[in-house]
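K.L.:
Structure: entry-v2.csv, CSV, C-alpha atoms.
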chain,number,residue,atom,x,y,z
A,1046,MET,CA,10.9,34.8,-240.0
A,1047,LYS,CA,7.1,34.2,-239.9
A,1048,GLN,CA,4.9,36.4,-237.9
A,1049,ASP,CA,3.2,34.9,-234.8
A,1050,HIS,CA,-0.5,34.6,-235.4
A,1051,SER,CA,-1.2,32.6,-232.2
A,1052,PRO,CA,-4.2,33.6,-230.0
A,1053,ASP,CA,-1.7,35.0,-227.4
A,1054,SER,CA,-0.2,37.5,-229.9
A,1055,GLY,CA,-2.7,40.3,-228.9
A,1056,PHE,CA,-5.3,42.4,-230.8
A,1057,SER,CA,-4.6,43.9,-234.1
A,1058,LEU,CA,-5.3,47.6,-234.7
A,1059,ILE,CA,-8.4,46.8,-236.7
A,1060,GLU,CA,-9.8,44.7,-233.9
A,1061,LEU,CA,-9.2,47.5,-231.4
A,1062,LEU,CA,-10.9,50.0,-233.6
A,1063,ALA,CA,-13.9,47.7,-234.1
A,1064,THR,CA,-14.1,47.2,-230.3
A,1065,ILE,CA,-14.1,51.0,-229.7
A,1066,VAL,CA,-16.7,51.6,-232.4
A,1067,ILE,CA,-19.0,48.9,-230.9
A,1068,GLY,CA,-18.6,50.4,-227.4
A,1069,LEU,CA,-19.5,53.9,-228.7
A,1070,ILE,CA,-22.6,52.6,-230.4
A,1071,LEU,CA,-23.7,50.9,-227.3
A,1072,ALA,CA,-23.0,54.0,-225.2
A,1073,MET,CA,-25.0,56.2,-227.6
A,1074,ALA,CA,-27.9,53.8,-227.5
A,1075,ALA,CA,-27.9,54.0,-223.7
A,1076,VAL,CA,-27.9,57.8,-223.5
A,1077,PRO,CA,-31.6,58.4,-224.4
A,1078,GLN,CA,-32.7,55.8,-221.8
A,1079,LEU,CA,-30.6,57.4,-219.1
A,1080,GLN,CA,-32.0,60.8,-220.0
A,1081,GLN,CA,-35.5,59.5,-219.8
A,1082,ARG,CA,-34.9,57.9,-216.4
A,1083,PHE,CA,-33.5,61.2,-215.2
A,1084,LYS,CA,-36.5,63.2,-216.4
A,1085,GLN,CA,-38.9,60.7,-214.9
A,1086,SER,CA,-37.1,60.9,-211.5
A,1087,GLN,CA,-37.5,64.7,-211.6
A,1088,VAL,CA,-41.2,64.4,-212.3
A,1089,ASP,CA,-41.6,61.9,-209.4
A,1090,ALA,CA,-39.6,64.1,-207.1
A,1091,TYR,CA,-41.7,67.1,-207.8
A,1092,THR,CA,-44.8,65.1,-207.3
A,1093,SER,CA,-43.5,64.2,-203.8
A,1094,ARG,CA,-42.9,67.9,-203.1
A,1095,LEU,CA,-46.5,68.8,-204.1
A,1096,GLU,CA,-47.8,65.9,-202.0
A,1097,ALA,CA,-46.0,67.1,-198.9
A,1098,GLY,CA,-47.2,70.6,-199.5
A,1099,ILE,CA,-50.8,69.6,-199.8
A,1100,ASN,CA,-50.6,67.5,-196.6
A,1101,GLN,CA,-49.0,70.4,-194.7
A,1102,MET,CA,-51.7,72.8,-196.0
A,1103,LYS,CA,-54.4,70.4,-194.7
A,1104,ALA,CA,-52.7,70.2,-191.3
A,1105,SER,CA,-52.5,74.0,-191.2
A,1106,MET,CA,-56.2,74.3,-192.1
A,1107,ILE,CA,-57.3,72.5,-188.9
A,1108,SER,CA,-56.8,75.6,-186.7
A,1109,ARG,CA,-58.8,77.9,-189.0
A,1110,GLN,CA,-62.2,76.2,-188.6
A,1111,ASP,CA,-63.6,77.9,-191.7
A,1112,ALA,CA,-63.5,77.6,-195.5
A,1113,CYS,CA,-60.5,78.8,-197.4
A,1114,THR,CA,-60.7,79.6,-201.1
A,1115,ILE,CA,-57.7,78.8,-203.3
A,1116,GLU,CA,-57.5,80.3,-206.7
A,1117,PHE,CA,-55.1,78.5,-209.0
A,1118,PRO,CA,-52.9,80.1,-211.6
A,1119,LEU,CA,-54.1,81.1,-215.0
A,1120,GLY,CA,-54.7,78.1,-217.2
A,1121,ALA,CA,-56.2,75.9,-214.4
A,1122,GLY,CA,-59.4,74.1,-215.3
A,1123,SER,CA,-58.2,73.3,-218.8
A,1124,GLU,CA,-55.5,71.3,-220.6
A,1125,THR,CA,-53.2,74.3,-220.4
A,1126,GLU,CA,-49.7,73.5,-219.1
A,1127,ILE,CA,-48.7,75.6,-216.1
A,1128,LYS,CA,-45.1,76.3,-215.0
A,1129,PRO,CA,-44.0,75.1,-211.6
A,1130,SER,CA,-43.0,78.7,-210.7
A,1131,ALA,CA,-46.6,79.8,-211.0
A,1132,LEU,CA,-47.8,77.3,-208.4
A,1133,GLU,CA,-44.8,78.0,-206.2
A,1134,SER,CA,-45.6,81.7,-206.1
A,1135,LEU,CA,-49.3,81.2,-205.3
A,1136,GLN,CA,-50.3,83.1,-202.2
A,1137,ILE,CA,-53.5,82.5,-200.3
A,1138,ASP,CA,-54.8,85.8,-198.8
A,1139,THR,CA,-55.2,85.5,-195.0
A,1140,GLN,CA,-55.1,89.2,-194.2
A,1141,GLY,CA,-57.7,91.9,-194.0
A,1142,ALA,CA,-61.4,92.2,-194.8
A,1143,GLY,CA,-62.6,90.0,-197.6
A,1144,SER,CA,-59.6,87.6,-197.4
A,1145,ASN,CA,-59.9,84.2,-198.9
A,1146,CYS,CA,-58.9,82.4,-195.7
A,1147,PRO,CA,-59.2,83.3,-192.0
A,1148,LYS,CA,-56.2,83.4,-189.6
A,1149,PRO,CA,-55.8,80.5,-187.1
A,1150,THR,CA,-58.2,80.6,-184.2
A,1151,SER,CA,-57.7,79.9,-180.5
A,1152,MET,CA,-57.5,76.3,-179.7
A,1153,GLY,CA,-59.1,76.7,-176.2
A,1154,ARG,CA,-57.7,77.2,-172.7
A,1155,SER,CA,-55.1,75.1,-170.8
A,1156,GLY,CA,-53.9,76.3,-167.3
A,1157,GLY,CA,-55.5,79.7,-167.8
A,1158,SER,CA,-53.7,80.4,-171.1
A,1159,ASN,CA,-55.1,80.5,-174.6
A,1160,LEU,CA,-53.5,78.1,-177.0
A,1161,THR,CA,-53.1,79.5,-180.5
A,1162,MET,CA,-51.7,77.7,-183.5
A,1163,ASN,CA,-48.7,79.3,-185.1
A,1164,LEU,CA,-49.5,81.5,-188.0
A,1165,THR,CA,-48.4,79.3,-190.9
A,1166,ASP,CA,-48.7,80.4,-194.5
A,1167,LEU,CA,-50.8,78.2,-196.6
A,1168,ARG,CA,-48.8,77.0,-199.6
A,1169,LEU,CA,-49.0,74.2,-202.0
A,1170,VAL,CA,-45.2,74.1,-202.5
A,1171,ASN,CA,-43.2,74.7,-199.3
A,1172,ILE,CA,-39.7,74.6,-200.8
A,1173,LYS,CA,-39.4,76.9,-203.8
A,1174,GLN,CA,-36.9,77.2,-206.6
A,1175,THR,CA,-35.3,73.8,-206.2
A,1176,LEU,CA,-35.5,73.0,-209.9
A,1177,SER,CA,-32.6,73.7,-212.2
A,1178,PRO,CA,-33.4,76.0,-215.2
A,1179,ASN,CA,-33.5,72.9,-217.5
A,1180,GLN,CA,-35.9,71.1,-215.1
A,1181,ALA,CA,-38.1,74.1,-214.7
A,1182,ASN,CA,-38.4,74.4,-218.5
A,1183,ASP,CA,-39.3,70.7,-218.8
A,1184,ILE,CA,-41.7,70.0,-215.9
A,1185,ARG,CA,-45.3,71.2,-216.4
A,1186,LEU,CA,-48.5,71.0,-214.4
A,1187,LEU,CA,-52.1,70.7,-215.3
A,1188,ILE,CA,-54.6,71.6,-212.7
A,1189,SER,CA,-58.4,71.2,-212.3
A,1190,PRO,CA,-60.6,72.9,-211.3
A,1191,THR,CA,-59.8,76.7,-211.5
A,1192,SER,CA,-60.3,77.0,-207.7
A,1193,ILE,CA,-61.4,75.0,-204.7
A,1194,SER,CA,-62.9,75.9,-201.3
A,1195,MET,CA,-61.2,74.0,-198.5
A,1196,THR,CA,-62.9,73.4,-195.2
A,1197,THR,CA,-62.3,71.5,-192.0
A,1198,ILE,CA,-65.1,69.5,-190.4
A,1199,GLY,CA,-64.5,67.1,-187.5
A,1200,GLY,CA,-60.8,67.3,-188.0
A,1201,VAL,CA,-61.0,66.3,-191.7
A,1202,THR,CA,-59.7,68.9,-194.2
A,1203,ALA,CA,-61.1,68.5,-197.7
A,1204,PRO,CA,-62.5,70.4,-200.7
A,1205,ASP,CA,-65.9,71.7,-199.6
A,1206,ALA,CA,-68.4,69.3,-201.1
A,1207,SER,CA,-71.3,71.8,-200.5
A,1208,VAL,CA,-69.6,74.1,-203.0
A,1209,SER,CA,-68.4,71.5,-205.5
A,1210,THR,CA,-68.1,67.7,-205.7
A,1211,THR,CA,-65.2,68.0,-208.1
A,1212,PRO,CA,-61.9,66.7,-206.7
A,1213,LEU,CA,-58.7,68.6,-207.0
A,1214,ILE,CA,-56.4,67.0,-209.6
A,1215,ILE,CA,-52.9,68.1,-210.3
A,1216,ARG,CA,-51.1,66.3,-213.2
A,1217,ILE,CA,-47.2,66.4,-213.4
A,1218,ARG,CA,-45.4,65.7,-216.6
A,1219,SER,CA,-42.2,66.1,-218.6
A,1220,THR,CA,-43.0,68.1,-221.7
A,1221,SER,CA,-40.2,66.5,-223.7
A,1222,MET,CA,-41.2,63.0,-222.8
A,1223,HIS,CA,-44.9,63.7,-223.3
A,1224,SER,CA,-44.3,65.0,-226.8
A,1225,GLU,CA,-42.6,61.7,-227.6
A,1226,ALA,CA,-45.2,59.6,-225.8
A,1227,LYS,CA,-42.7,58.3,-223.3
A,1228,GLY,CA,-42.5,58.1,-219.6
A,1229,PHE,CA,-45.3,58.4,-217.0
A,1230,GLU,CA,-47.5,61.4,-216.2
A,1231,ARG,CA,-48.0,61.5,-212.4
A,1232,CYS,CA,-51.0,62.9,-210.6
A,1233,LEU,CA,-52.4,63.9,-207.2
A,1234,LYS,CA,-56.1,63.7,-206.5
A,1235,LEU,CA,-57.7,65.3,-203.4
A,1236,GLU,CA,-61.1,63.9,-202.8
A,1237,PRO,CA,-64.0,66.1,-201.5
A,1238,MET,CA,-65.7,65.1,-198.2
A,1239,THR,CA,-63.0,62.6,-197.1
A,1240,GLY,CA,-60.0,64.7,-197.9
A,1241,THR,CA,-58.2,61.5,-199.1
A,1242,LEU,CA,-55.1,62.4,-201.1
A,1243,ILE,CA,-54.3,59.9,-203.8
A,1244,ARG,CA,-50.9,59.8,-205.6
A,1245,GLY,CA,-50.8,57.9,-208.8
A,1246,THR,CA,-50.2,57.7,-212.5
A,1247,TRP,CA,-52.5,59.5,-214.9
A,1248,LEU,CA,-54.1,57.2,-217.5
A,1249,GLY,CA,-55.9,58.8,-220.4
A,1250,THR,CA,-55.8,62.1,-222.2
A,1251,THR,CA,-57.9,65.0,-220.9
A,1252,PHE,CA,-59.3,65.6,-217.4
A,1253,GLY,CA,-62.7,64.4,-218.8
A,1254,GLN,CA,-61.2,61.3,-220.4
A,1255,GLY,CA,-58.7,60.1,-217.9
A,1256,SER,CA,-58.2,59.1,-214.3
A,1257,CYS,CA,-55.6,59.2,-211.5
A,1258,ASN,CA,-54.8,55.6,-210.7
A,1259,ARG,CA,-53.2,55.0,-207.3
A,1260,ASN,CA,-49.6,53.8,-207.5
A,1261,GLN,CA,-49.2,50.2,-206.1
Output the file's structure in the form of structure tokens.

P.N.:
Amino acid sequence: MKQDHSPDSGFSLIELLATIVIGLILAMAAVPQLQQRFKQSQVDAYTSRLEAGINQMKASMISRQDACTIEFPLGAGSETEIKPSALESLQIDTQGAGSNCPKPTSMGRSGGSNLTMNLTDLRLVNIKQTLSPNQANDIRLLISPTSISMTTIGGVTAPDASVSTTPLIIRIRSTSMHSEAKGFERCLKLEPMTGTLIRGTWLGTTFGQGSCNRNQ
């Protein structure tokens, strides 16, 4: 009896194996792209966290009516990569004589009572240790300058332009993607005088030869 080789007779073993091999090749080709997207999403998420922290710090500054000096972790002011944990643990001294930043002041009287702002800690990252060990090892920050003096004038909190006209710039990158020239390096730029906070993508190489372009 002759074997049935009609189209309805099903797949042969060789055809099934070939289909499986092709599927595995396609899956392996897609893995690097998925990993890159995941790493980029982590960079973008951490940029959002820093953006929220800076905005909250600016709001907390309004009640202080004085300048606050913020010294950034070792490596700031250069092209040295800084771990997220170093910025998360940054504490701004608001206690005792010679402190870098005064406590909140009285906001005036209403109905015979003084209104005082809540004593809120000044931080650049409000939610700490949200990165997994792998993410913490991959995300790095570059910060310029080494320190800034923040002040509030007329309800606008910004780097003190009388001290320096240099804006605060924080660059956020994935070290693994950066080494392979892949993905996007994000950035935050806090303008002096106006206090405008720009979130964007870093274009260029060093702080002196690059710029933070606002995301559209």

K.L.:
Return the single residue from A:Arg1244, A:Arg1259, A:Lys1148, A:Arg1185 that is closest to His1223 (chain A), with distances computed using only C-alpha atoms.

P.N.:
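That would be A:Arg1185, the residue with the smallest distance to His1223 (chain A).
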
K.L.:
To one decimal place, how far is CA of Gln1078 (chain A) from CA of Gly1228 (chain A) in Å?

P.N.:
10.3 Å

K.L.:
Need to verify the contact set: Pro1118 (chain A), 12 Å, all atoms listed in the file, exclusion of same-chain residues closer than 5 positions in sequence. Can you return it as a PyMOL selection string?

P.N.:
chain A and resi 1123+1125-1137+1169+1186-1192

K.L.:
Name the closest residue to Leu1095 (chain A) among the candidates A:Leu1176, A:Val1170, A:Ile1217, A:Leu1242; distances are taken between atoms, counting only C-alpha atoms.

P.N.:
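Ranking A:Leu1176, A:Val1170, A:Ile1217, A:Leu1242 by distance to Leu1095 (chain A), first place goes to A:Val1170.
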
K.L.:
Here is a test: counting all atoms listed in the file, which residue of A:Ile1193, A:Arg1218, A:Ile1243, A:Cys1146 is nearest to Arg1109 (chain A)?

P.N.:
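Looking at the shortest contact to Arg1109 (chain A), the residue is A:Cys1146.
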
K.L.:
With distances taken over all atoms listed in the file, which of A:Glu1116, A:Glu1096, A:Glu1060, A:Asp1111 is nearest to Arg1216 (chain A)?

P.N.:
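Among the listed residues, A:Glu1096 lies closest to Arg1216 (chain A).
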
K.L.:
Counting only C-alpha atoms, select every polymer residue within 6 Å of (-57.7, 77.2, -201.7) as defined in the file's coordinates, and provide the selection as a PyMOL selection string.

P.N.:
chain A and resi 1113-1116+1193-1195

K.L.:
For the atom pair CA of Gly1098 (chain A) and CA of Leu1167 (chain A), what is the interatomic distance in Å to one decimal place?

P.N.:
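Spanning CA of Gly1098 (chain A) to CA of Leu1167 (chain A) is a straight-line distance of 8.9 Å.
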
K.L.:
Mind checking which residues fall within 12 Å of Phe1229 (chain A), counting all atoms listed in the file, ignoring those fewer than 6 positions away in the same chain, and posting them as a PyMOL selection string?

P.N.:
chain A and resi 1081-1082+1084-1089+1092+1216-1223+1245-1249+1257-1258+1260

K.L.:
Pick the closest to Thr1197 (chain A) from A:Ile1107, A:Cys1232, A:Leu1119, A:Ile1215: which is it, counting all atoms listed in the file?

P.N.:
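Nearest to Thr1197 (chain A): A:Ile1107.
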
K.L.:
Would you mind listing what lies within 6 Å of region 1210-1213 of chain A as a list in words, with all atoms listed in the file counted and same-chain residues fewer than 6 positions away left out?

P.N.:
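Everything that qualifies: Ser1189, Lys1234, Leu1235, Glu1236 and Pro1237 of chain A.
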
K.L.:
Separation of CA of Ala1203 (chain A) and CA of Ser1108 (chain A), in Å?

P.N.:
13.8 Å

K.L.:
Build an axis-aligned box that encloses every atom of region 1195-1210 of chain A listed in the file, pad it by 4 Å on each side, and report its centre and edge lengths in Å to one decimal, as AutoDock Vina command-line options.

P.N.:
--center_x -65.5 --center_y 70.2 --center_z -196.6 --size_x 19.6 --size_y 15.8 --size_z 26.2
